[in-house]
>>> print(open('coords_35.txt').read())   # compact mmCIF, N, CA, C and O atoms
# COMPACT_ATOMS: atom_id res chain seq x y z
N MET A 1 0.82 -1.19 0.00
CA MET A 1 0.00 0.00 0.00
C MET A 1 0.87 1.26 0.00
O MET A 1 0.74 2.11 -0.85
N TYR A 2 1.78 1.38 0.99
CA TYR A 2 2.68 2.53 1.06
C TYR A 2 4.08 2.07 0.71
O TYR A 2 4.54 1.06 1.20
N GLN A 3 4.77 2.85 -0.13
CA GLN A 3 6.12 2.48 -0.52
C GLN A 3 7.16 3.49 -0.09
O GLN A 3 8.32 3.16 0.07
N ASP A 4 6.77 4.72 0.07
CA ASP A 4 7.69 5.77 0.49
C ASP A 4 7.30 6.26 1.87
O ASP A 4 6.48 5.66 2.55
N LYS A 5 7.86 7.39 2.25
CA LYS A 5 7.51 7.94 3.55
C LYS A 5 6.05 8.41 3.55
O LYS A 5 5.50 8.81 2.53
N VAL A 6 5.44 8.33 4.72
CA VAL A 6 4.04 8.71 4.90
C VAL A 6 3.97 9.70 6.06
O VAL A 6 4.45 9.41 7.16
N THR A 7 3.38 10.85 5.81
CA THR A 7 3.24 11.86 6.86
C THR A 7 2.08 11.49 7.77
O THR A 7 0.98 11.24 7.32
N LEU A 8 2.37 11.45 9.06
CA LEU A 8 1.34 11.22 10.07
C LEU A 8 0.63 12.54 10.38
O LEU A 8 -0.58 12.64 10.31
N CYS A 9 1.42 13.56 10.72
CA CYS A 9 0.86 14.85 11.06
C CYS A 9 1.95 15.91 10.99
O CYS A 9 3.12 15.59 10.82
N GLY A 10 1.54 17.15 11.13
CA GLY A 10 2.52 18.22 11.09
C GLY A 10 1.94 19.54 11.57
O GLY A 10 0.72 19.71 11.64
N SER A 11 2.84 20.45 11.88
CA SER A 11 2.45 21.78 12.32
C SER A 11 3.35 22.79 11.63
O SER A 11 4.54 22.56 11.45
N ASN A 12 2.76 23.93 11.27
CA ASN A 12 3.47 24.95 10.54
C ASN A 12 3.37 26.26 11.31
O ASN A 12 2.28 26.82 11.46
N ALA A 13 4.50 26.75 11.81
CA ALA A 13 4.51 28.00 12.58
C ALA A 13 4.25 29.21 11.70
O ALA A 13 3.72 30.22 12.17
N TYR A 14 4.59 29.12 10.43
CA TYR A 14 4.41 30.26 9.53
C TYR A 14 2.94 30.49 9.20
O TYR A 14 2.48 31.61 9.14
N GLU A 15 2.22 29.42 8.96
CA GLU A 15 0.81 29.53 8.60
C GLU A 15 -0.12 29.30 9.79
O GLU A 15 -1.34 29.38 9.65
N LYS A 16 0.47 28.95 10.94
CA LYS A 16 -0.31 28.66 12.16
C LYS A 16 -1.36 27.58 11.89
O LYS A 16 -2.54 27.75 12.20
N LYS A 17 -0.90 26.47 11.29
CA LYS A 17 -1.81 25.38 10.94
C LYS A 17 -1.27 24.04 11.45
O LYS A 17 -0.06 23.85 11.56
N TYR A 18 -2.22 23.13 11.71
CA TYR A 18 -1.91 21.76 12.08
C TYR A 18 -2.58 20.84 11.08
O TYR A 18 -3.69 21.12 10.61
N TYR A 19 -1.91 19.74 10.73
CA TYR A 19 -2.44 18.80 9.75
C TYR A 19 -2.34 17.38 10.31
O TYR A 19 -1.30 17.01 10.85
N LEU A 20 -3.42 16.60 10.16
CA LEU A 20 -3.40 15.18 10.49
C LEU A 20 -3.81 14.44 9.22
O LEU A 20 -4.87 14.72 8.65
N ASN A 21 -2.97 13.52 8.79
CA ASN A 21 -3.26 12.73 7.60
C ASN A 21 -4.58 11.97 7.81
O ASN A 21 -4.74 11.26 8.80
N PRO A 22 -5.54 12.11 6.88
CA PRO A 22 -6.83 11.43 7.02
C PRO A 22 -6.72 9.91 7.10
O PRO A 22 -7.62 9.25 7.62
N ASP A 23 -5.62 9.34 6.62
CA ASP A 23 -5.41 7.90 6.73
C ASP A 23 -5.33 7.44 8.18
O ASP A 23 -5.47 6.26 8.47
N PHE A 24 -5.09 8.38 9.08
CA PHE A 24 -4.95 8.06 10.50
C PHE A 24 -6.18 8.50 11.30
O PHE A 24 -6.11 8.65 12.52
N SER A 25 -7.30 8.68 10.64
CA SER A 25 -8.51 9.11 11.34
C SER A 25 -9.03 8.03 12.29
O SER A 25 -9.82 8.32 13.18
N GLY A 26 -8.57 6.80 12.13
CA GLY A 26 -8.98 5.71 13.00
C GLY A 26 -8.29 5.71 14.35
O GLY A 26 -8.64 4.92 15.23
N LEU A 27 -7.30 6.57 14.53
CA LEU A 27 -6.64 6.66 15.83
C LEU A 27 -7.62 7.16 16.88
O LEU A 27 -8.51 7.97 16.57
N PRO A 28 -7.49 6.70 18.11
CA PRO A 28 -8.35 7.22 19.18
C PRO A 28 -8.20 8.74 19.32
O PRO A 28 -7.12 9.29 19.08
N GLU A 29 -9.26 9.39 19.70
CA GLU A 29 -9.28 10.86 19.80
C GLU A 29 -8.19 11.38 20.72
O GLU A 29 -7.55 12.39 20.44
N GLN A 30 -7.95 10.69 21.82
CA GLN A 30 -6.93 11.13 22.77
C GLN A 30 -5.54 11.12 22.12
O GLN A 30 -4.73 12.02 22.37
N ILE A 31 -5.26 10.14 21.28
CA ILE A 31 -3.97 10.05 20.58
C ILE A 31 -3.87 11.21 19.58
O ILE A 31 -2.82 11.87 19.49
N LYS A 32 -4.93 11.47 18.85
CA LYS A 32 -4.92 12.58 17.88
C LYS A 32 -4.70 13.91 18.60
O LYS A 32 -3.95 14.76 18.10
N GLN A 33 -5.30 14.08 19.76
CA GLN A 33 -5.11 15.32 20.51
C GLN A 33 -3.67 15.44 21.01
O GLN A 33 -3.09 16.53 20.98
N GLU A 34 -3.11 14.34 21.46
CA GLU A 34 -1.72 14.35 21.94
C GLU A 34 -0.77 14.72 20.80
O GLU A 34 0.16 15.50 21.00
N LEU A 35 -1.00 14.18 19.62
CA LEU A 35 -0.17 14.51 18.46
C LEU A 35 -0.26 16.00 18.14
O LEU A 35 0.75 16.65 17.87
N GLN A 36 -1.47 16.54 18.19
CA GLN A 36 -1.66 17.96 17.90
C GLN A 36 -0.93 18.82 18.93
O GLN A 36 -0.25 19.78 18.58
N ILE A 37 -1.05 18.47 20.18
CA ILE A 37 -0.39 19.23 21.24
C ILE A 37 1.12 19.22 21.04
O ILE A 37 1.77 20.27 21.09
N VAL A 38 1.68 18.05 20.79
CA VAL A 38 3.13 17.93 20.61
C VAL A 38 3.60 18.78 19.44
O VAL A 38 4.56 19.55 19.55
N CYS A 39 2.93 18.65 18.31
CA CYS A 39 3.35 19.37 17.10
C CYS A 39 3.21 20.88 17.25
O CYS A 39 4.12 21.63 16.91
N VAL A 40 2.07 21.32 17.74
CA VAL A 40 1.83 22.76 17.85
C VAL A 40 2.75 23.40 18.89
O VAL A 40 3.31 24.47 18.65
N LEU A 41 2.94 22.75 20.02
CA LEU A 41 3.85 23.30 21.03
C LEU A 41 5.28 23.35 20.51
O LEU A 41 6.02 24.30 20.78
N PHE A 42 5.67 22.34 19.73
CA PHE A 42 7.01 22.31 19.15
C PHE A 42 7.23 23.53 18.26
O PHE A 42 8.19 24.27 18.43
N THR A 43 6.33 23.75 17.31
CA THR A 43 6.52 24.86 16.37
C THR A 43 6.31 26.22 17.05
O THR A 43 6.90 27.21 16.64
N ALA A 44 5.50 26.27 18.10
CA ALA A 44 5.33 27.53 18.83
C ALA A 44 6.62 27.89 19.57
O ALA A 44 6.97 29.07 19.68
N GLU A 45 7.34 26.88 20.03
CA GLU A 45 8.55 27.14 20.80
C GLU A 45 9.77 27.38 19.92
O GLU A 45 10.54 28.30 20.19
N VAL A 46 9.96 26.57 18.88
CA VAL A 46 11.19 26.69 18.08
C VAL A 46 10.97 27.29 16.69
O VAL A 46 11.91 27.68 16.03
N GLY A 47 9.72 27.31 16.23
CA GLY A 47 9.42 27.86 14.92
C GLY A 47 9.50 26.81 13.82
O GLY A 47 9.64 25.63 14.07
N GLY A 48 9.41 27.27 12.60
CA GLY A 48 9.53 26.39 11.44
C GLY A 48 8.33 25.48 11.24
O GLY A 48 7.21 25.78 11.64
N VAL A 49 8.62 24.36 10.59
CA VAL A 49 7.60 23.36 10.28
C VAL A 49 8.09 22.02 10.83
O VAL A 49 9.25 21.65 10.63
N LEU A 50 7.21 21.31 11.49
CA LEU A 50 7.51 19.97 11.98
C LEU A 50 6.53 19.00 11.35
O LEU A 50 5.32 19.24 11.36
N THR A 51 7.06 17.91 10.81
CA THR A 51 6.19 16.81 10.37
C THR A 51 6.69 15.53 11.01
O THR A 51 7.89 15.34 11.22
N LEU A 52 5.75 14.66 11.35
CA LEU A 52 6.06 13.33 11.84
C LEU A 52 5.79 12.39 10.68
O LEU A 52 4.66 12.33 10.19
N GLU A 53 6.81 11.67 10.24
CA GLU A 53 6.71 10.85 9.04
C GLU A 53 7.19 9.43 9.31
O GLU A 53 8.19 9.22 9.99
N PHE A 54 6.48 8.47 8.73
CA PHE A 54 6.91 7.08 8.78
C PHE A 54 7.77 6.80 7.55
O PHE A 54 7.40 7.19 6.44
N ASP A 55 8.90 6.10 7.76
CA ASP A 55 9.71 5.72 6.61
C ASP A 55 9.23 4.38 6.06
O ASP A 55 8.21 3.84 6.52
N GLU A 56 9.95 3.82 5.09
CA GLU A 56 9.54 2.59 4.42
C GLU A 56 9.44 1.40 5.38
O GLU A 56 8.65 0.48 5.16
N GLU A 57 10.23 1.41 6.46
CA GLU A 57 10.22 0.31 7.42
C GLU A 57 9.21 0.54 8.55
O GLU A 57 9.08 -0.31 9.44
N GLY A 58 8.55 1.68 8.56
CA GLY A 58 7.57 1.96 9.59
C GLY A 58 8.13 2.70 10.79
O GLY A 58 7.46 2.82 11.81
N LYS A 59 9.34 3.22 10.69
CA LYS A 59 9.93 3.99 11.79
C LYS A 59 9.44 5.43 11.70
O LYS A 59 9.41 6.02 10.63
N LEU A 60 9.07 5.99 12.83
CA LEU A 60 8.56 7.36 12.90
C LEU A 60 9.73 8.33 13.03
O LEU A 60 10.58 8.19 13.92
N ASN A 61 9.76 9.32 12.15
CA ASN A 61 10.83 10.32 12.15
C ASN A 61 10.26 11.71 12.34
O ASN A 61 9.18 12.02 11.87
N PHE A 62 11.03 12.53 13.04
CA PHE A 62 10.70 13.95 13.23
C PHE A 62 11.46 14.71 12.15
O PHE A 62 12.68 14.66 12.10
N VAL A 63 10.73 15.42 11.31
CA VAL A 63 11.35 16.14 10.20
C VAL A 63 11.01 17.62 10.36
O VAL A 63 9.85 17.98 10.49
N THR A 64 12.06 18.46 10.34
CA THR A 64 11.85 19.89 10.47
C THR A 64 12.27 20.60 9.18
O THR A 64 13.18 20.15 8.49
N HIS A 65 11.58 21.67 8.90
CA HIS A 65 11.89 22.53 7.75
C HIS A 65 11.86 23.97 8.24
O HIS A 65 11.08 24.32 9.12
N VAL A 66 12.69 24.78 7.63
CA VAL A 66 12.71 26.19 7.99
C VAL A 66 12.83 27.00 6.71
O VAL A 66 13.53 26.61 5.78
N GLU A 67 12.12 28.11 6.66
CA GLU A 67 12.18 28.99 5.49
C GLU A 67 13.51 29.74 5.49
O GLU A 67 14.09 30.01 6.56
N ASP A 68 13.98 30.08 4.32
CA ASP A 68 15.20 30.89 4.20
C ASP A 68 15.01 32.20 4.94
O ASP A 68 13.92 32.78 4.96
N ASN A 69 16.07 32.65 5.56
CA ASN A 69 16.09 33.93 6.27
C ASN A 69 15.15 33.97 7.47
O ASN A 69 14.71 35.04 7.87
N ASP A 70 14.84 32.82 8.04
CA ASP A 70 14.05 32.79 9.28
C ASP A 70 15.04 32.84 10.44
O ASP A 70 15.54 31.82 10.90
N PHE A 71 15.30 34.03 10.91
CA PHE A 71 16.29 34.23 11.96
C PHE A 71 15.76 33.93 13.35
O PHE A 71 16.50 33.91 14.31
N PHE A 72 14.46 33.67 13.44
CA PHE A 72 13.85 33.35 14.73
C PHE A 72 13.83 31.85 15.00
O PHE A 72 13.57 31.44 16.12
N TYR A 73 14.09 31.04 13.99
CA TYR A 73 14.08 29.58 14.16
C TYR A 73 15.22 29.17 15.09
O TYR A 73 16.37 29.59 14.93
N ASP A 74 14.92 28.32 16.04
CA ASP A 74 15.90 27.87 17.04
C ASP A 74 16.35 26.46 16.68
O ASP A 74 15.75 25.47 17.10
N GLU A 75 17.42 26.37 15.90
CA GLU A 75 17.91 25.06 15.43
C GLU A 75 18.39 24.19 16.58
O GLU A 75 18.09 23.00 16.63
N ILE A 76 19.11 24.75 17.50
CA ILE A 76 19.61 23.99 18.64
C ILE A 76 18.44 23.54 19.52
O ILE A 76 18.35 22.39 19.94
N GLY A 77 17.51 24.46 19.77
CA GLY A 77 16.33 24.12 20.55
C GLY A 77 15.51 23.03 19.89
O GLY A 77 14.94 22.17 20.57
N SER A 78 15.46 23.04 18.57
CA SER A 78 14.73 22.03 17.82
C SER A 78 15.31 20.64 18.07
O SER A 78 14.58 19.70 18.38
N GLU A 79 16.61 20.52 17.94
CA GLU A 79 17.27 19.23 18.16
C GLU A 79 17.09 18.75 19.60
O GLU A 79 16.83 17.57 19.85
N LEU A 80 17.23 19.66 20.54
CA LEU A 80 17.07 19.29 21.95
C LEU A 80 15.65 18.86 22.27
O LEU A 80 15.43 17.90 23.00
N MET A 81 14.68 19.58 21.68
CA MET A 81 13.28 19.24 21.94
C MET A 81 12.92 17.90 21.33
O MET A 81 12.18 17.11 21.94
N ILE A 82 13.42 17.61 20.14
CA ILE A 82 13.16 16.31 19.52
C ILE A 82 13.74 15.19 20.37
O ILE A 82 13.08 14.18 20.63
N LYS A 83 14.96 15.38 20.84
CA LYS A 83 15.60 14.38 21.69
C LYS A 83 14.78 14.15 22.97
O LYS A 83 14.53 13.02 23.38
N LYS A 84 14.31 15.24 23.57
CA LYS A 84 13.51 15.16 24.78
C LYS A 84 12.18 14.44 24.52
O LYS A 84 11.78 13.56 25.28
N LEU A 85 11.51 14.79 23.43
CA LEU A 85 10.24 14.15 23.08
C LEU A 85 10.43 12.65 22.84
O LEU A 85 9.60 11.84 23.25
N ARG A 86 11.49 12.29 22.14
CA ARG A 86 11.76 10.87 21.87
C ARG A 86 11.94 10.09 23.16
O ARG A 86 11.47 8.97 23.29
N GLN A 87 12.64 10.68 24.11
CA GLN A 87 12.91 10.00 25.38
C GLN A 87 11.66 9.93 26.26
O GLN A 87 11.33 8.88 26.79
N GLU A 88 11.00 11.06 26.43
CA GLU A 88 9.86 11.13 27.36
C GLU A 88 8.64 10.37 26.86
O GLU A 88 7.83 9.91 27.66
N LYS A 89 8.47 10.27 25.55
CA LYS A 89 7.28 9.63 24.99
C LYS A 89 7.64 8.41 24.15
O LYS A 89 6.97 8.11 23.17
N GLN A 90 8.69 7.72 24.54
CA GLN A 90 9.18 6.58 23.77
C GLN A 90 8.09 5.53 23.55
O GLN A 90 7.90 5.05 22.43
N ASP A 91 7.34 5.19 24.58
CA ASP A 91 6.27 4.19 24.44
C ASP A 91 5.18 4.67 23.48
O ASP A 91 4.63 3.89 22.71
N PHE A 92 4.87 5.95 23.54
CA PHE A 92 3.86 6.55 22.66
C PHE A 92 4.28 6.40 21.20
O PHE A 92 3.50 5.97 20.35
N TRP A 93 5.54 6.76 20.89
CA TRP A 93 6.03 6.67 19.50
C TRP A 93 6.08 5.23 19.03
O TRP A 93 5.72 4.93 17.89
N GLU A 94 6.50 4.32 19.90
CA GLU A 94 6.56 2.90 19.53
C GLU A 94 5.16 2.35 19.27
O GLU A 94 4.97 1.55 18.36
N SER A 95 4.18 2.80 20.04
CA SER A 95 2.80 2.36 19.82
C SER A 95 2.28 2.86 18.47
O SER A 95 1.58 2.13 17.76
N LEU A 96 2.63 4.08 18.11
CA LEU A 96 2.22 4.62 16.80
C LEU A 96 2.87 3.84 15.66
O LEU A 96 2.24 3.57 14.64
N GLU A 97 4.13 3.48 15.84
CA GLU A 97 4.82 2.68 14.82
C GLU A 97 4.14 1.32 14.66
O GLU A 97 3.94 0.84 13.54
N LEU A 98 3.76 0.71 15.76
CA LEU A 98 3.07 -0.58 15.73
C LEU A 98 1.71 -0.44 15.04
O LEU A 98 1.34 -1.26 14.19
N TYR A 99 0.98 0.60 15.36
CA TYR A 99 -0.32 0.88 14.72
C TYR A 99 -0.13 1.00 13.21
O TYR A 99 -0.88 0.40 12.43
N TYR A 100 0.86 1.76 12.81
CA TYR A 100 1.12 1.98 11.38
C TYR A 100 1.43 0.65 10.67
O TYR A 100 0.91 0.36 9.60
N LYS A 101 2.30 -0.14 11.29
CA LYS A 101 2.70 -1.40 10.67
C LYS A 101 1.52 -2.37 10.54
O LYS A 101 1.39 -3.05 9.52
N ILE A 102 0.67 -2.42 11.54
CA ILE A 102 -0.44 -3.38 11.52
C ILE A 102 -1.61 -2.88 10.68
O ILE A 102 -2.09 -3.58 9.80
N PHE A 103 -2.06 -1.66 10.94
CA PHE A 103 -3.30 -1.19 10.31
C PHE A 103 -3.10 -0.54 8.94
O PHE A 103 -4.01 -0.57 8.12
N LEU A 104 -1.93 0.03 8.68
CA LEU A 104 -1.76 0.67 7.39
C LEU A 104 -0.87 -0.13 6.45
O LEU A 104 -1.11 -0.14 5.25
N LEU A 105 0.14 -0.79 6.99
CA LEU A 105 0.98 -1.63 6.14
C LEU A 105 0.45 -3.05 6.04
O LEU A 105 0.87 -3.80 5.16
N GLY A 106 -0.42 -3.44 6.97
CA GLY A 106 -1.02 -4.76 6.92
C GLY A 106 -0.10 -5.87 7.39
O GLY A 106 -0.34 -7.04 7.08
N GLU A 107 0.93 -5.54 8.14
CA GLU A 107 1.82 -6.57 8.67
C GLU A 107 1.12 -7.29 9.81
O GLU A 107 0.49 -6.69 10.67
N ASP A 108 1.24 -8.61 9.81
CA ASP A 108 0.63 -9.37 10.91
C ASP A 108 1.67 -9.86 11.90
O ASP A 108 1.34 -10.26 13.00
N GLU A 109 2.93 -9.84 11.51
CA GLU A 109 4.01 -10.22 12.42
C GLU A 109 4.94 -9.04 12.56
O GLU A 109 5.65 -8.68 11.63
N VAL A 110 4.93 -8.43 13.73
CA VAL A 110 5.75 -7.26 13.93
C VAL A 110 6.84 -7.56 14.91
O VAL A 110 6.71 -8.20 15.86
>>> encode(input="coords_35.txt", output="structure tokens")
Amino acid sequence: MYQDKVTLCGSNAYEKKYYLNPDFSGLPEQIKQELQIVCVLFTAEVGGVLTLEFDEEGKLNFVTHVEDNDFFYDEIGSELMIKKLRQEKQDFWESLELYYKIFLLGEDEV
């Protein structure tokens, strides 16, 4: 079904918008709210654009983008915040990876 990276969700500090891929509408509401909180707080604090993307193997990656000449973007803060989120919510991210592999990739043995 999916062969390349798949965006789970993202937040854009420039446009003040949040996006959740409709393919993940089956996630429990509490999980969707948690994703929105994480993404929006991230971009509110460091700026730029954050997307959470699954790669071909089903691993969840934090991807950041910044517009040229954005002098307010905190690159160091971005890396530190991603590291902190990965550590503090490790079980949450692993559960999302498992959901993706089972329900979207159709794997039965994970």
>>> residues_around(input="coords_35.txt", residues="stretch 28-37 of chain A", least_positions_apart="4", cutoff="8 Å", atoms="all atoms listed in the file", output="PDB file with N, CA, C and O atoms, in the coordinates of the input")
ATOM      1  N   CYS A   9       1.420  13.560  10.720  1.00  0.00           N
ATOM      2  CA  CYS A   9       0.860  14.850  11.060  1.00  0.00           C
ATOM      3  C   CYS A   9       1.950  15.910  10.990  1.00  0.00           C
ATOM      4  O   CYS A   9       3.120  15.590  10.820  1.00  0.00           O
ATOM      5  N   GLY A  10       1.540  17.150  11.130  1.00  0.00           N
ATOM      6  CA  GLY A  10       2.520  18.220  11.090  1.00  0.00           C
ATOM      7  C   GLY A  10       1.940  19.540  11.570  1.00  0.00           C
ATOM      8  O   GLY A  10       0.720  19.710  11.640  1.00  0.00           O
ATOM      9  N   SER A  11       2.840  20.450  11.880  1.00  0.00           N
ATOM     10  CA  SER A  11       2.450  21.780  12.320  1.00  0.00           C
ATOM     11  C   SER A  11       3.350  22.790  11.630  1.00  0.00           C
ATOM     12  O   SER A  11       4.540  22.560  11.450  1.00  0.00           O
ATOM     13  N   TYR A  18      -2.220  23.130  11.710  1.00  0.00           N
ATOM     14  CA  TYR A  18      -1.910  21.760  12.080  1.00  0.00           C
ATOM     15  C   TYR A  18      -2.580  20.840  11.080  1.00  0.00           C
ATOM     16  O   TYR A  18      -3.690  21.120  10.610  1.00  0.00           O
ATOM     17  N   TYR A  19      -1.910  19.740  10.730  1.00  0.00           N
ATOM     18  CA  TYR A  19      -2.440  18.800   9.750  1.00  0.00           C
ATOM     19  C   TYR A  19      -2.340  17.380  10.310  1.00  0.00           C
ATOM     20  O   TYR A  19      -1.300  17.010  10.850  1.00  0.00           O
ATOM     21  N   LEU A  20      -3.420  16.600  10.160  1.00  0.00           N
ATOM     22  CA  LEU A  20      -3.400  15.180  10.490  1.00  0.00           C
ATOM     23  C   LEU A  20      -3.810  14.440   9.220  1.00  0.00           C
ATOM     24  O   LEU A  20      -4.870  14.720   8.650  1.00  0.00           O
ATOM     25  N   PHE A  24      -5.090   8.380   9.080  1.00  0.00           N
ATOM     26  CA  PHE A  24      -4.950   8.060  10.500  1.00  0.00           C
ATOM     27  C   PHE A  24      -6.180   8.500  11.300  1.00  0.00           C
ATOM     28  O   PHE A  24      -6.110   8.650  12.520  1.00  0.00           O
ATOM     29  N   LEU A  41       2.940  22.750  20.020  1.00  0.00           N
ATOM     30  CA  LEU A  41       3.850  23.300  21.030  1.00  0.00           C
ATOM     31  C   LEU A  41       5.280  23.350  20.510  1.00  0.00           C
ATOM     32  O   LEU A  41       6.020  24.300  20.780  1.00  0.00           O
ATOM     33  N   PHE A  42       5.670  22.340  19.730  1.00  0.00           N
ATOM     34  CA  PHE A  42       7.010  22.310  19.150  1.00  0.00           C
ATOM     35  C   PHE A  42       7.230  23.530  18.260  1.00  0.00           C
ATOM     36  O   PHE A  42       8.190  24.270  18.430  1.00  0.00           O
ATOM     37  N   THR A  43       6.330  23.750  17.310  1.00  0.00           N
ATOM     38  CA  THR A  43       6.520  24.860  16.370  1.00  0.00           C
ATOM     39  C   THR A  43       6.310  26.220  17.050  1.00  0.00           C
ATOM     40  O   THR A  43       6.900  27.210  16.640  1.00  0.00           O
ATOM     41  N   ALA A  44       5.500  26.270  18.100  1.00  0.00           N
ATOM     42  CA  ALA A  44       5.330  27.530  18.830  1.00  0.00           C
ATOM     43  C   ALA A  44       6.620  27.890  19.570  1.00  0.00           C
ATOM     44  O   ALA A  44       6.970  29.070  19.680  1.00  0.00           O
TER      45      ALA A  44
END
>>> select_by_dssp(input="coords_35.txt", residues="stretch 8-110 of chain A", states="helix (DSSP H, G or I)", output="PyMOL selection string")
chain A and resi 22-24+29-46+75-88+90-104
>>> atom_distance(input="coords_35.txt", atom1="atom N of A:Asp23", atom2="atom CA of A:Leu8")
8.0 Å
>>> residues_around(input="coords_35.txt", residues="stretch 60-66 of chain A", least_positions_apart="2", cutoff="4.5 Å", atoms="all atoms listed in the file", output="NGL selection string")
:A and (48-54 or 58 or 68)
>>> axis_aligned_box(input="coords_35.txt", around="stretch 33-37 of chain A", padding_each_side="8 Å", output="AutoDock Vina command-line options")
--center_x -1.8 --center_y 17.2 --center_z 19.9 --size_x 23.1 --size_y 22.2 --size_z 20.1
>>> select_by_dssp(input="coords_35.txt", residues="chain A", states="strand (DSSP E)", output="number ranges by chain")
A: 6-12, 17-20, 49-54, 60-65
>>> atom_distance(input="coords_35.txt", atom1="atom O of A:Leu96", atom2="atom O of A:Lys59")
8.6 Å
>>> closest_residue(input="coords_35.txt", among="A:Val6, A:Val46, A:Pro22, A:Glu15", to="A:Phe72", atoms="only N, CA, C and O atoms")
A:Val46
>>> atom_distance(input="coords_35.txt", atom1="atom N of A:Lys83", atom2="atom C of A:Ile102")
26.7 Å
>>> build_atoms(input="coords_35.txt", residues="stretch 13-19 of chain A", atoms="all heavy atoms", output="tab-separated table (two decimals), keeping the file's coordinate frame")
chain	number	residue	atom	x	y	z
A	13	ALA	N	4.50	26.75	11.81
A	13	ALA	CA	4.51	28.00	12.58
A	13	ALA	C	4.25	29.21	11.70
A	13	ALA	O	3.72	30.22	12.17
A	13	ALA	CB	5.84	28.17	13.30
A	14	TYR	N	4.59	29.12	10.43
A	14	TYR	CA	4.41	30.26	9.53
A	14	TYR	C	2.94	30.49	9.20
A	14	TYR	O	2.48	31.61	9.14
A	14	TYR	CB	5.19	30.05	8.23
A	14	TYR	CG	6.65	29.73	8.46
A	14	TYR	CD1	7.17	28.49	8.12
A	14	TYR	CD2	7.50	30.67	9.04
A	14	TYR	CE1	8.51	28.20	8.33
A	14	TYR	CE2	8.83	30.37	9.28
A	14	TYR	CZ	9.33	29.14	8.92
A	14	TYR	OH	10.65	28.85	9.15
A	15	GLU	N	2.22	29.42	8.96
A	15	GLU	CA	0.81	29.53	8.60
A	15	GLU	C	-0.12	29.30	9.79
A	15	GLU	O	-1.34	29.38	9.65
A	15	GLU	CB	0.48	28.51	7.50
A	15	GLU	CG	1.24	28.77	6.22
A	15	GLU	CD	0.94	27.74	5.15
A	15	GLU	OE1	-0.01	26.94	5.32
A	15	GLU	OE2	1.65	27.74	4.13
A	16	LYS	N	0.47	28.95	10.94
A	16	LYS	CA	-0.31	28.66	12.16
A	16	LYS	C	-1.36	27.58	11.89
A	16	LYS	O	-2.54	27.75	12.20
A	16	LYS	CB	-0.98	29.92	12.70
A	16	LYS	CG	-0.04	31.08	12.92
A	16	LYS	CD	0.40	31.17	14.34
A	16	LYS	CE	1.16	32.42	14.63
A	16	LYS	NZ	2.59	32.30	14.55
A	17	LYS	N	-0.90	26.47	11.29
A	17	LYS	CA	-1.81	25.38	10.94
A	17	LYS	C	-1.27	24.04	11.45
A	17	LYS	O	-0.06	23.85	11.56
A	17	LYS	CB	-2.00	25.29	9.43
A	17	LYS	CG	-2.77	26.45	8.86
A	17	LYS	CD	-3.06	26.24	7.40
A	17	LYS	CE	-3.89	27.40	6.87
A	17	LYS	NZ	-4.24	27.23	5.48
A	18	TYR	N	-2.22	23.13	11.71
A	18	TYR	CA	-1.91	21.76	12.08
A	18	TYR	C	-2.58	20.84	11.08
A	18	TYR	O	-3.69	21.12	10.61
A	18	TYR	CB	-2.43	21.44	13.50
A	18	TYR	CG	-2.34	19.98	13.85
A	18	TYR	CD1	-1.12	19.41	14.19
A	18	TYR	CD2	-3.46	19.17	13.81
A	18	TYR	CE1	-1.03	18.06	14.49
A	18	TYR	CE2	-3.37	17.81	14.10
A	18	TYR	CZ	-2.16	17.27	14.44
A	18	TYR	OH	-2.07	15.94	14.73
A	19	TYR	N	-1.91	19.74	10.73
A	19	TYR	CA	-2.44	18.80	9.75
A	19	TYR	C	-2.34	17.38	10.31
A	19	TYR	O	-1.30	17.01	10.85
A	19	TYR	CB	-1.64	18.89	8.46
A	19	TYR	CG	-1.90	17.77	7.49
A	19	TYR	CD1	-3.03	17.77	6.67
A	19	TYR	CD2	-1.02	16.70	7.38
A	19	TYR	CE1	-3.28	16.73	5.79
A	19	TYR	CE2	-1.26	15.66	6.50
A	19	TYR	CZ	-2.39	15.68	5.70
A	19	TYR	OH	-2.63	14.65	4.83
